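> Next comes the structure file run-v3.txt, holding compact mmCIF, C-alpha atoms.
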```
# COMPACT_ATOMS: atom_id res chain seq x y z
CA MET A 19 -15.75 -45.73 -12.91
CA LYS A 20 -16.75 -48.23 -15.52
CA ARG A 21 -17.15 -51.78 -14.46
CA VAL A 22 -16.42 -54.64 -16.76
CA ASN A 23 -19.40 -56.93 -16.63
CA VAL A 24 -17.56 -60.21 -16.83
CA ILE A 25 -20.45 -62.55 -16.28
CA GLN A 26 -22.92 -62.39 -19.12
CA PRO A 27 -25.83 -64.64 -20.06
CA LYS A 28 -23.86 -65.65 -23.14
CA ALA A 29 -20.94 -66.74 -21.00
CA LEU A 30 -23.30 -68.76 -18.83
CA LEU A 31 -24.57 -70.55 -21.93
CA LYS A 32 -20.96 -71.30 -22.78
CA VAL A 33 -20.50 -72.74 -19.31
CA ILE A 34 -23.39 -75.10 -19.91
CA ALA A 35 -22.14 -76.00 -23.38
CA ILE A 36 -18.65 -76.78 -22.15
CA PHE A 37 -19.73 -78.91 -19.24
CA LEU A 38 -22.58 -80.74 -20.89
CA PRO A 39 -20.31 -83.68 -21.77
CA LEU A 40 -19.18 -83.82 -18.16
CA LEU A 41 -22.74 -84.21 -16.95
CA PHE A 42 -23.00 -87.39 -18.92
CA ASN A 43 -19.64 -88.53 -17.62
CA VAL A 44 -18.88 -91.28 -20.10
CA ASN A 45 -17.58 -94.00 -17.86
CA GLY A 46 -16.02 -96.12 -20.58
CA LEU A 47 -12.55 -95.49 -19.17
CA ALA A 48 -13.71 -96.09 -15.62
CA SER A 49 -15.34 -99.39 -16.43
CA ALA A 50 -12.28 -100.51 -18.40
CA ALA A 51 -10.03 -99.57 -15.48
CA SER A 52 -12.27 -101.22 -12.89
CA GLY A 53 -12.49 -104.30 -15.09
CA GLN A 54 -8.72 -104.60 -14.97
CA SER A 55 -8.42 -103.86 -11.29
CA SER A 56 -11.15 -106.33 -10.38
CA ASP A 57 -9.01 -109.07 -11.90
CA VAL A 58 -5.94 -108.09 -9.97
CA PRO A 59 -7.18 -108.54 -6.38
CA LYS A 60 -8.45 -111.99 -7.32
CA ASN A 61 -4.94 -112.97 -8.39
CA SER A 62 -3.30 -111.52 -5.31
CA ALA A 63 -5.98 -113.11 -3.09
CA ALA A 64 -5.22 -116.44 -4.72
CA VAL A 65 -1.51 -115.95 -4.03
CA VAL A 66 -2.21 -115.04 -0.42
CA ALA A 67 -4.55 -118.01 0.02
CA GLY A 68 -1.96 -120.34 -1.49
CA ALA A 69 0.70 -119.09 0.89
CA ALA A 70 -1.63 -119.36 3.87
CA VAL A 71 -2.36 -123.02 3.08
CA SER A 72 1.32 -123.92 2.99
CA ALA A 73 2.13 -121.97 6.18
CA PRO A 74 1.49 -123.44 9.67
CA ALA A 75 -2.14 -123.07 10.72
CA ALA A 76 -1.49 -121.01 13.85
CA GLU A 77 0.67 -118.50 12.03
CA SER A 78 -1.79 -118.00 9.19
CA ALA A 79 -4.66 -117.48 11.63
CA HIS A 80 -2.63 -114.90 13.51
CA GLY A 81 -1.67 -113.16 10.28
CA ALA A 82 -5.27 -113.03 9.12
CA GLU A 83 -6.37 -111.53 12.43
CA ALA A 84 -3.66 -108.89 12.39
CA SER A 85 -4.26 -107.87 8.80
CA GLU A 86 -8.03 -107.69 9.22
CA GLY A 87 -7.99 -104.26 10.90
CA GLU A 88 -5.74 -102.78 8.25
CA GLU A 89 -7.74 -104.33 5.44
CA LYS A 90 -10.91 -102.85 6.91
CA ALA A 91 -9.29 -99.41 7.03
CA GLY A 92 -8.05 -99.85 3.47
CA ASP A 93 -11.50 -100.93 2.31
CA VAL A 94 -13.19 -97.94 3.94
CA ILE A 95 -10.63 -95.56 2.43
CA MET A 96 -10.98 -97.05 -1.04
CA HIS A 97 -14.77 -96.98 -0.71
CA HIS A 98 -14.58 -93.29 0.16
CA ILE A 99 -12.17 -92.46 -2.68
CA LEU A 100 -13.66 -94.52 -5.49
CA ASP A 101 -16.80 -93.82 -7.42
CA ASN A 102 -19.84 -96.00 -6.77
CA ASN A 103 -23.57 -96.17 -7.27
CA VAL A 104 -24.59 -95.43 -3.69
CA PHE A 105 -24.91 -91.95 -2.28
CA ALA A 106 -24.59 -92.62 1.43
CA PHE A 107 -25.89 -90.45 4.27
CA GLU A 108 -24.53 -92.86 6.83
CA PRO A 109 -26.75 -92.68 9.91
CA PHE A 110 -29.80 -91.73 7.83
CA GLY A 111 -29.57 -94.42 5.16
CA SER A 112 -28.46 -94.10 1.58
CA VAL A 113 -29.75 -93.42 -1.92
CA ASN A 114 -29.18 -96.06 -4.57
CA LEU A 115 -28.43 -94.44 -7.90
CA PRO A 116 -29.61 -95.98 -11.17
CA LYS A 117 -27.21 -98.07 -13.21
CA ILE A 118 -27.44 -97.37 -16.94
CA VAL A 119 -25.51 -99.24 -19.60
CA ILE A 120 -26.07 -98.26 -23.23
CA GLY A 121 -24.21 -100.00 -26.04
CA GLY A 122 -21.47 -101.33 -23.78
CA PHE A 123 -20.80 -97.90 -22.30
CA ASP A 124 -21.47 -97.59 -18.60
CA ILE A 125 -23.12 -94.18 -18.31
CA SER A 126 -24.77 -94.89 -14.98
CA ILE A 127 -25.35 -92.00 -12.61
CA THR A 128 -22.74 -92.38 -9.89
CA LYS A 129 -21.81 -90.46 -6.76
CA HIS A 130 -19.37 -88.26 -8.64
CA VAL A 131 -21.83 -87.54 -11.45
CA VAL A 132 -24.33 -86.32 -8.85
CA MET A 133 -21.61 -84.08 -7.43
CA LEU A 134 -20.86 -82.74 -10.92
CA TRP A 135 -24.53 -81.88 -11.38
CA LEU A 136 -24.62 -80.26 -7.95
CA VAL A 137 -21.55 -78.17 -8.78
CA SER A 138 -22.99 -77.13 -12.14
CA ALA A 139 -26.26 -76.11 -10.48
CA LEU A 140 -24.39 -74.19 -7.77
CA LEU A 141 -22.29 -72.38 -10.37
CA LEU A 142 -25.40 -71.45 -12.33
CA ILE A 143 -27.17 -70.15 -9.23
CA VAL A 144 -24.17 -68.26 -7.81
CA PHE A 145 -23.21 -66.58 -11.05
CA SER A 146 -26.79 -65.81 -12.06
CA VAL A 147 -27.22 -64.03 -8.73
CA VAL A 148 -23.88 -62.24 -8.98
CA GLY A 149 -24.40 -61.32 -12.63
CA GLY A 150 -27.87 -60.00 -11.83
CA LYS A 151 -26.45 -57.79 -9.09
CA TYR A 152 -24.00 -56.24 -11.54
CA LYS A 153 -26.82 -55.37 -13.95
CA ASN A 154 -28.28 -52.66 -11.68
CA MET A 155 -25.01 -51.41 -10.28
CA THR A 156 -24.05 -47.79 -10.52
CA ALA A 157 -20.79 -46.05 -9.74
CA ARG A 158 -22.33 -45.06 -6.40
CA ASN A 159 -22.88 -48.46 -4.79
CA ALA A 160 -20.00 -50.87 -4.50
CA PRO A 161 -20.60 -54.63 -4.64
CA LYS A 162 -20.84 -56.38 -1.29
CA GLY A 163 -21.16 -59.88 0.06
CA LEU A 164 -21.16 -62.67 -2.51
CA ALA A 165 -20.75 -60.37 -5.50
CA ASN A 166 -17.73 -58.76 -3.90
CA ALA A 167 -16.11 -62.10 -3.09
CA MET A 168 -16.67 -63.39 -6.62
CA GLU A 169 -15.41 -60.15 -8.14
CA ALA A 170 -12.15 -60.52 -6.23
CA LEU A 171 -11.65 -64.04 -7.60
CA VAL A 172 -12.72 -63.12 -11.14
CA GLU A 173 -10.43 -60.10 -11.19
CA PHE A 174 -7.58 -62.24 -9.83
CA ILE A 175 -8.01 -64.77 -12.65
CA ARG A 176 -8.44 -62.02 -15.24
CA LEU A 177 -5.37 -60.00 -14.32
CA ASP A 178 -2.91 -62.30 -12.58
CA VAL A 179 -3.60 -65.49 -14.50
CA ALA A 180 -5.02 -64.70 -17.95
CA LYS A 181 -3.52 -61.32 -18.73
CA SER A 182 -0.03 -61.96 -17.36
CA ASN A 183 0.31 -65.39 -18.98
CA ILE A 184 -1.52 -65.10 -22.29
CA GLY A 185 -0.93 -61.42 -22.94
CA HIS A 186 -2.44 -60.02 -26.11
CA GLY A 187 -5.92 -61.38 -26.89
CA TYR A 188 -6.46 -62.94 -23.44
CA GLU A 189 -10.13 -61.91 -23.40
CA LYS A 190 -10.97 -64.72 -25.82
CA HIS A 191 -9.76 -67.39 -23.39
CA LEU A 192 -11.09 -65.74 -20.24
CA PRO A 193 -14.50 -67.49 -20.20
CA TYR A 194 -12.85 -70.91 -20.39
CA LEU A 195 -10.29 -70.13 -17.69
CA LEU A 196 -12.90 -68.66 -15.34
CA THR A 197 -15.23 -71.59 -15.89
CA VAL A 198 -12.57 -74.18 -15.27
CA PHE A 199 -11.32 -72.33 -12.17
CA PHE A 200 -14.70 -72.06 -10.50
CA PHE A 201 -15.75 -75.55 -11.52
CA ILE A 202 -12.64 -77.13 -9.99
CA LEU A 203 -12.85 -74.88 -6.94
CA PHE A 204 -16.46 -75.81 -6.24
CA CYS A 205 -15.76 -79.51 -6.82
CA ASN A 206 -12.83 -79.40 -4.41
CA LEU A 207 -14.74 -77.50 -1.73
CA LEU A 208 -17.83 -79.71 -1.95
CA GLY A 209 -15.57 -82.70 -1.35
CA LEU A 210 -14.62 -81.27 2.03
CA ILE A 211 -18.12 -80.95 3.47
CA PRO A 212 -19.73 -83.94 5.21
CA TYR A 213 -21.50 -86.39 2.85
CA GLY A 214 -19.79 -84.75 -0.08
CA ALA A 215 -17.65 -86.55 -2.64
CA THR A 216 -14.70 -85.04 -4.47
CA ALA A 217 -15.54 -85.23 -8.16
CA THR A 218 -12.05 -83.93 -8.98
CA GLY A 219 -10.67 -86.96 -7.12
CA ASN A 220 -11.92 -89.03 -10.05
CA VAL A 221 -9.39 -89.43 -12.82
CA ASN A 222 -12.12 -89.38 -15.51
CA VAL A 223 -13.24 -85.90 -14.48
CA THR A 224 -9.72 -84.45 -14.39
CA LEU A 225 -8.88 -86.13 -17.70
CA THR A 226 -11.97 -84.56 -19.29
CA LEU A 227 -10.98 -81.14 -17.96
CA SER A 228 -7.43 -81.43 -19.27
CA ILE A 229 -8.67 -82.67 -22.66
CA PHE A 230 -10.61 -79.38 -22.85
CA THR A 231 -7.38 -77.53 -22.11
CA PHE A 232 -5.59 -79.62 -24.76
CA PHE A 233 -8.12 -78.73 -27.46
CA VAL A 234 -8.26 -75.07 -26.45
CA THR A 235 -4.45 -74.92 -26.61
CA GLN A 236 -4.21 -76.66 -29.99
CA ILE A 237 -6.97 -74.58 -31.59
CA ALA A 238 -5.45 -71.39 -30.20
CA ALA A 239 -2.06 -72.40 -31.65
CA PHE A 240 -3.62 -73.12 -35.07
CA LYS A 241 -5.44 -69.79 -35.04
CA ALA A 242 -2.35 -67.86 -33.96
CA HIS A 243 0.17 -69.38 -36.38
CA GLY A 244 -1.79 -71.10 -39.12
CA VAL A 245 -1.00 -74.62 -40.30
CA LYS A 246 2.48 -73.71 -41.58
CA GLY A 247 3.44 -71.90 -38.40
CA TYR A 248 2.06 -74.72 -36.30
CA LEU A 249 4.21 -77.27 -38.14
CA GLN A 250 7.23 -74.97 -37.88
CA HIS A 251 6.60 -74.77 -34.14
CA LEU A 252 6.97 -78.56 -33.96
CA THR A 253 10.53 -78.34 -35.29
CA ALA A 254 11.42 -75.91 -32.47
CA GLY A 255 13.45 -73.80 -34.91
CA THR A 256 16.30 -76.30 -35.18
CA HIS A 257 18.37 -77.39 -38.19
CA TRP A 258 16.55 -79.85 -40.48
CA SER A 259 18.95 -82.69 -39.62
CA LEU A 260 17.68 -82.60 -36.02
CA TRP A 261 14.03 -82.81 -36.99
CA ILE A 262 13.93 -86.59 -36.67
CA ILE A 263 14.61 -86.14 -32.94
CA MET A 264 12.88 -82.82 -32.29
CA VAL A 265 9.52 -83.48 -33.95
CA PRO A 266 8.65 -86.61 -31.91
CA ILE A 267 9.78 -84.88 -28.71
CA GLU A 268 7.60 -81.84 -29.45
CA ILE A 269 4.63 -84.03 -30.33
CA ILE A 270 5.03 -86.04 -27.12
CA GLY A 271 5.35 -82.74 -25.25
CA GLN A 272 1.92 -81.70 -26.50
CA PHE A 273 0.37 -84.77 -24.88
CA THR A 274 2.43 -84.73 -21.68
CA LYS A 275 1.04 -81.36 -20.62
CA PRO A 276 -2.62 -82.43 -20.30
CA PHE A 277 -1.51 -85.75 -18.81
CA ALA A 278 0.43 -83.89 -16.11
CA LEU A 279 -2.61 -81.67 -15.46
CA THR A 280 -4.80 -84.77 -15.08
CA ILE A 281 -2.53 -86.56 -12.63
CA ARG A 282 -1.72 -83.44 -10.60
CA LEU A 283 -5.31 -82.53 -9.81
CA PHE A 284 -6.45 -86.14 -9.34
CA ALA A 285 -3.54 -87.14 -7.09
CA ASN A 286 -3.69 -83.98 -4.99
CA MET A 287 -7.38 -84.29 -4.24
CA THR A 288 -7.21 -88.04 -3.61
CA ALA A 289 -4.07 -87.87 -1.45
CA GLY A 290 -5.62 -85.36 0.95
CA HIS A 291 -8.62 -87.58 1.58
CA ILE A 292 -6.44 -90.67 2.03
CA ILE A 293 -4.28 -88.84 4.58
CA ILE A 294 -7.28 -87.59 6.60
CA LEU A 295 -8.87 -91.05 6.70
CA SER A 296 -5.56 -92.72 7.54
CA LEU A 297 -5.07 -90.34 10.47
CA ILE A 298 -8.57 -91.11 11.72
CA PHE A 299 -7.99 -94.85 11.33
CA ILE A 300 -4.76 -94.76 13.36
CA SER A 301 -6.88 -94.52 16.51
CA PHE A 302 -9.11 -97.41 15.36
CA ILE A 303 -6.17 -99.65 14.48
CA LEU A 304 -4.35 -98.96 17.77
CA LYS A 305 -7.67 -98.97 19.73
CA SER A 306 -6.59 -96.08 21.95
CA TYR A 307 -8.36 -92.94 23.15
CA ILE A 308 -5.02 -91.25 23.89
CA VAL A 309 -3.87 -91.67 20.28
CA ALA A 310 -7.24 -90.38 19.11
CA ALA A 311 -7.00 -87.27 21.26
CA ALA A 312 -3.28 -86.64 20.75
CA VAL A 313 -2.72 -87.65 17.12
CA SER A 314 -5.85 -88.38 15.10
CA VAL A 315 -8.09 -85.43 15.86
CA PRO A 316 -5.53 -82.56 15.86
CA PHE A 317 -3.68 -83.82 12.80
CA ALA A 318 -6.89 -84.59 10.91
CA ILE A 319 -8.11 -81.04 11.59
CA PHE A 320 -4.75 -79.67 10.49
CA ILE A 321 -4.79 -81.65 7.24
CA ASP A 322 -8.43 -80.67 6.70
CA LEU A 323 -7.52 -76.99 6.93
CA LEU A 324 -4.55 -77.66 4.65
CA GLU A 325 -6.99 -79.27 2.21
CA LEU A 326 -9.05 -76.08 2.26
CA PHE A 327 -5.94 -74.26 1.05
CA VAL A 328 -5.09 -77.01 -1.44
CA ALA A 329 -8.62 -76.77 -2.89
CA PHE A 330 -7.93 -73.16 -3.86
CA LEU A 331 -4.31 -73.81 -4.80
CA GLN A 332 -5.07 -76.70 -7.17
CA ALA A 333 -7.91 -74.81 -8.88
CA PHE A 334 -5.47 -71.92 -9.30
CA VAL A 335 -2.63 -74.15 -10.51
CA PHE A 336 -4.83 -75.88 -13.09
CA THR A 337 -6.07 -72.52 -14.41
CA MET A 338 -2.60 -70.99 -14.28
CA LEU A 339 -0.99 -73.85 -16.21
CA SER A 340 -3.83 -73.85 -18.75
CA ALA A 341 -3.23 -70.13 -19.28
CA LEU A 342 0.51 -70.74 -19.48
CA PHE A 343 0.09 -73.45 -22.13
CA ILE A 344 -2.26 -71.25 -24.15
CA GLY A 345 0.21 -68.39 -23.81
CA LEU A 346 3.12 -70.56 -24.95
CA ALA A 347 1.12 -71.92 -27.88
CA THR A 348 0.02 -68.49 -29.10
CA ALA A 349 3.29 -66.63 -28.40
CA HIS A 350 4.78 -65.13 -31.55
CA GLU A 351 8.31 -65.84 -32.68
CA GLY A 352 10.83 -63.52 -31.08
CA HIS A 353 8.70 -63.19 -27.97
CA GLU A 354 10.19 -66.05 -26.02
CA LYS A 355 8.08 -65.45 -22.94
CA PRO A 356 4.49 -64.19 -23.11
CA ALA A 357 5.11 -62.18 -19.94
CA ALA A 358 7.87 -60.25 -21.74
CA GLY A 359 5.35 -59.33 -24.43
CA VAL A 360 3.02 -57.88 -21.83
CA ALA A 361 5.80 -55.78 -20.33
CA HIS A 362 6.37 -54.00 -23.64
CA HIS A 363 2.74 -52.97 -24.08
CA MET B 16 4.01 -114.18 -1.07
CA GLU B 17 7.66 -113.18 -1.29
CA GLY B 18 7.13 -111.44 -4.64
CA LEU B 19 4.12 -109.59 -3.26
CA GLY B 20 6.11 -108.54 -0.20
CA LEU B 21 8.89 -107.20 -2.40
CA ALA B 22 6.30 -105.24 -4.39
CA TYR B 23 5.03 -103.62 -1.18
CA LEU B 24 8.62 -102.90 -0.13
CA GLY B 25 9.32 -101.33 -3.52
CA ALA B 26 6.16 -99.23 -3.31
CA GLY B 27 7.06 -97.95 0.13
CA LEU B 28 10.67 -97.17 -0.77
CA GLY B 29 9.62 -95.58 -4.05
CA ALA B 30 7.08 -93.32 -2.33
CA GLY B 31 9.76 -92.19 0.13
CA LEU B 32 12.33 -91.54 -2.60
CA ALA B 33 9.84 -89.56 -4.68
CA VAL B 34 9.04 -87.43 -1.64
CA ILE B 35 12.77 -86.81 -0.99
CA GLY B 36 13.21 -85.51 -4.53
CA ALA B 37 10.13 -83.31 -4.40
CA GLY B 38 11.07 -82.01 -0.97
CA LEU B 39 14.57 -81.04 -2.09
CA GLY B 40 13.21 -79.39 -5.24
CA ILE B 41 10.47 -77.39 -3.58
CA GLY B 42 12.80 -76.50 -0.71
CA ASN B 43 15.29 -75.07 -3.19
CA ILE B 44 12.55 -73.02 -4.83
CA ALA B 45 11.30 -71.70 -1.51
CA ALA B 46 14.83 -70.80 -0.41
CA SER B 47 15.54 -68.94 -3.64
CA ALA B 48 12.14 -67.21 -3.53
CA ALA B 49 12.73 -66.06 0.06
CA GLU B 50 16.15 -64.74 -0.91
CA GLY B 51 14.78 -63.00 -3.98
CA THR B 52 11.95 -61.43 -1.98
CA ALA B 53 14.40 -60.20 0.65
CA ARG B 54 16.61 -58.62 -1.99
CA GLN B 55 13.77 -57.10 -3.95
CA PRO B 56 10.57 -56.80 -1.88
CA GLU B 57 8.69 -54.97 -4.65
CA ALA B 58 8.86 -58.09 -6.88
CA THR B 59 7.14 -60.27 -4.25
CA SER B 60 4.00 -61.08 -6.25
CA ASP B 61 5.93 -61.97 -9.42
CA ILE B 62 8.29 -64.18 -7.45
CA ARG B 63 5.39 -65.87 -5.70
CA THR B 64 3.64 -66.67 -8.98
CA THR B 65 6.82 -68.11 -10.49
CA MET B 66 7.43 -70.10 -7.32
CA ILE B 67 3.95 -71.63 -7.37
CA ILE B 68 4.26 -72.64 -11.03
CA ALA B 69 7.68 -74.26 -10.50
CA ALA B 70 6.51 -75.98 -7.31
CA ALA B 71 3.43 -77.30 -9.11
CA LEU B 72 5.56 -78.72 -11.93
CA ILE B 73 7.92 -80.47 -9.47
CA GLU B 74 4.96 -81.71 -7.48
CA GLY B 75 3.47 -83.14 -10.68
CA VAL B 76 6.58 -85.20 -11.34
CA ALA B 77 6.62 -86.42 -7.74
CA LEU B 78 2.94 -87.36 -8.00
CA PHE B 79 3.68 -89.46 -11.08
CA GLY B 80 6.05 -91.44 -8.86
CA GLU B 81 3.50 -91.68 -6.07
CA VAL B 82 0.77 -92.89 -8.42
CA ILE B 83 3.10 -95.62 -9.71
CA CYS B 84 3.82 -96.63 -6.10
CA VAL B 85 0.09 -96.77 -5.30
CA LEU B 86 -0.49 -98.96 -8.35
CA LEU B 87 2.36 -101.20 -7.20
CA ALA B 88 0.90 -101.46 -3.68
CA LEU B 89 -2.64 -102.15 -4.88
CA LYS B 90 -1.59 -104.87 -7.30
```
Take the structure in the file and give it back as structure tokens.


Amino acid sequence: MKRVNVIQPKALLKVIAIFLPLLFNVNGLASAASGQSSDVPKNSAAVVAGAAVSAPAAESAHGAEASEGEEKAGDVIMHHILDNNVFAFEPFGSVNLPKIVIGGFDISITKHVVMLWLVSALLLIVFSVVGGKYKNMTARNAPKGLANAMEALVEFIRLDVAKSNIGHGYEKHLPYLLTVFFFILFCNLLGLIPYGATATGNVNVTLTLSIFTFFVTQIAAFKAHGVKGYLQHLTAGTHWSLWIIMVPIEIIGQFTKPFALTIRLFANMTAGHIIILSLIFISFILKSYIVAAAVSVPFAIFIDLLELFVAFLQAFVFTMLSALFIGLATAHEGHEKPAAGVAHH
Amino acid sequence: MEGLGLAYLGAGLGAGLAVIGAGLGIGNIAASAAEGTARQPEATSDIRTTMIIAAALIEGVALFGEVICVLLALK
């Protein structure tokens, strides 16, 4: 029985090359977004303050007291979700990370950047070990332990995701799909352990990942059809009088796909953490042990286990949709669905 | 204050409405997938894959709505 050695040193180099930009997570977008959002609370605070002045003193004091608990919960949740320069190990203190600004771009090393580095290092270690095990493997000894677990996942991505969605020539895109799957999976899982932060819960990270998918898809389409075929694809095979409607729609469609990928992964990973923290904070807001025992703890554990499933599911969905987009972009005319092409072979 | 309150109200209602739509959509998919699997058990894995893709696409649309609601509530 011949084994396909999927993980090669060359592929590992590709992993590094692809994720090098991520390591230096260019925070231009983040700083722009935070710049906007920092203005907004000021405005709303001013509005609230103005209203409080005009309202009777007793009522405003009562309102402030009641909203304090919720605001605290909201602050803690936002602090947990958002990226910042402190890597906290709560009872044992915290590590302040350096703030670097070069040429107006905030490229400081934040909590999520540290997590990205950690994930990259973990991927390198895990797949070096697994790849090394496959080097001295004969037909006699089957893989076990870590190598076996990774082989199951790799084979799943290779057959059920890449081959069934891309079809002919899927091997070319396999390194990218595998890399993106394991990177997202490790990011998601590291967000679930104590003191971890979910790097995929940062919209910059997911946007970067889907921009990779966008470029891979576009280049694959160019290579498959050539410039003429690519432009023909934009007209969707309609009559020339409809082109004025169809071409903009097709062009917008090209950009909607990575945008949907970005928001899906980001919102899924963020929503899970918000729900867990909200469930925990129910007992703090109501100040009740009964609520803590009956609602907070069981439901938080349930959502946590659900998150474990979602971590795998979202990594799979991102990879699957990337493969689907590549398959759609490279599908030849007449083969409407890439899966139909596979069935004929 | 009234405008801000209306924004919160809109965010809450919008989140609920988005969830109703997503719930109906994914429920329909799950129902059809269960029916399809019962009729043709050997196609289970194909049906499951198709179901997950469709559910993910619907979920993506719902999450667009949710993100807009969060932005509305945070403003």

> Please, what distance in Å, to one decimal, runs between atom CA of A:Asn183 and atom CA of A:Phe199?

15.2 Å

> What is the atom CA of A:Ala91 to atom CA of A:Ala278 distance in Å?

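Interatomic distance here is 29.5 Å.
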
> Report the distance between atom CA of B:Ile35 and atom CA of B:Ser47 in Å, rounded to one decimal place.

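Rounded to one decimal, the two atoms are 18.3 Å apart.
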
> Please identify every residue of chain B that has at least one atom no more than 9 Å from any atom of chain A, counting only C-alpha atoms, and report them as a PyMOL selection string.

chain B and resi 16+19+64+67-68+71-72+74-76+78-79+81-82+89-90

> May I have the residues within 10 Å of A:Tyr248 as a ChimeraX atom specification, using all atoms listed in the file and disregarding those fewer than 6 positions away in the same chain?

/A:236,239-242,347-348

> Please check which residues have atoms at most 12 Å from (7.7, -63.7, -8.1) in the file's coordinates, counting all atoms listed in the file, and write them as a ChimeraX atom specification.

/A:178 /B:44-45,47-69

> Go ahead and fit an axis-aligned box to every listed atom of stretch 343-350 of chain A plus 5 Å each side, and pass me the centre and edge lengths in Å, one decimal, as JSON.


```
{"center_x": 1.3, "center_y": -69.3, "center_z": -26.8, "size_x": 17.0, "size_y": 18.3, "size_z": 19.4}
```

> Name the residues within 10 Å of (-23.7, -77.3, -3.8), counting only C-alpha atoms in the file's coordinates, and put them as a CSV table (one decimal) with C-alpha atoms, keeping the file's coordinate frame.


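Result written to selection-v4.csv:
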```csv
chain,number,residue,atom,x,y,z
A,133,MET,CA,-21.6,-84.1,-7.4
A,134,LEU,CA,-20.9,-82.7,-10.9
A,135,TRP,CA,-24.5,-81.9,-11.4
A,136,LEU,CA,-24.6,-80.3,-8.0
A,137,VAL,CA,-21.6,-78.2,-8.8
A,138,SER,CA,-23.0,-77.1,-12.1
A,139,ALA,CA,-26.3,-76.1,-10.5
A,140,LEU,CA,-24.4,-74.2,-7.8
A,141,LEU,CA,-22.3,-72.4,-10.4
A,143,ILE,CA,-27.2,-70.2,-9.2
A,144,VAL,CA,-24.2,-68.3,-7.8
A,204,PHE,CA,-16.5,-75.8,-6.2
A,205,CYS,CA,-15.8,-79.5,-6.8
A,207,LEU,CA,-14.7,-77.5,-1.7
A,208,LEU,CA,-17.8,-79.7,-2.0
A,211,ILE,CA,-18.1,-81.0,3.5
A,214,GLY,CA,-19.8,-84.8,-0.1
```

> Restricting the calculation to only C-alpha atoms: of A:Thr337, A:Ile344, A:Lys151, A:Asn102, which residue gets closest to A:Leu203?

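Nearest candidate to A:Leu203 out of A:Thr337, A:Ile344, A:Lys151, A:Asn102: A:Thr337.
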
> Of the candidates A:Ile202, A:Val104, A:Ile175, A:Phe299, which one gets nearest to A:Glu189 if we count only C-alpha atoms?

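Closest residue, counting only C-alpha atoms: A:Ile175.
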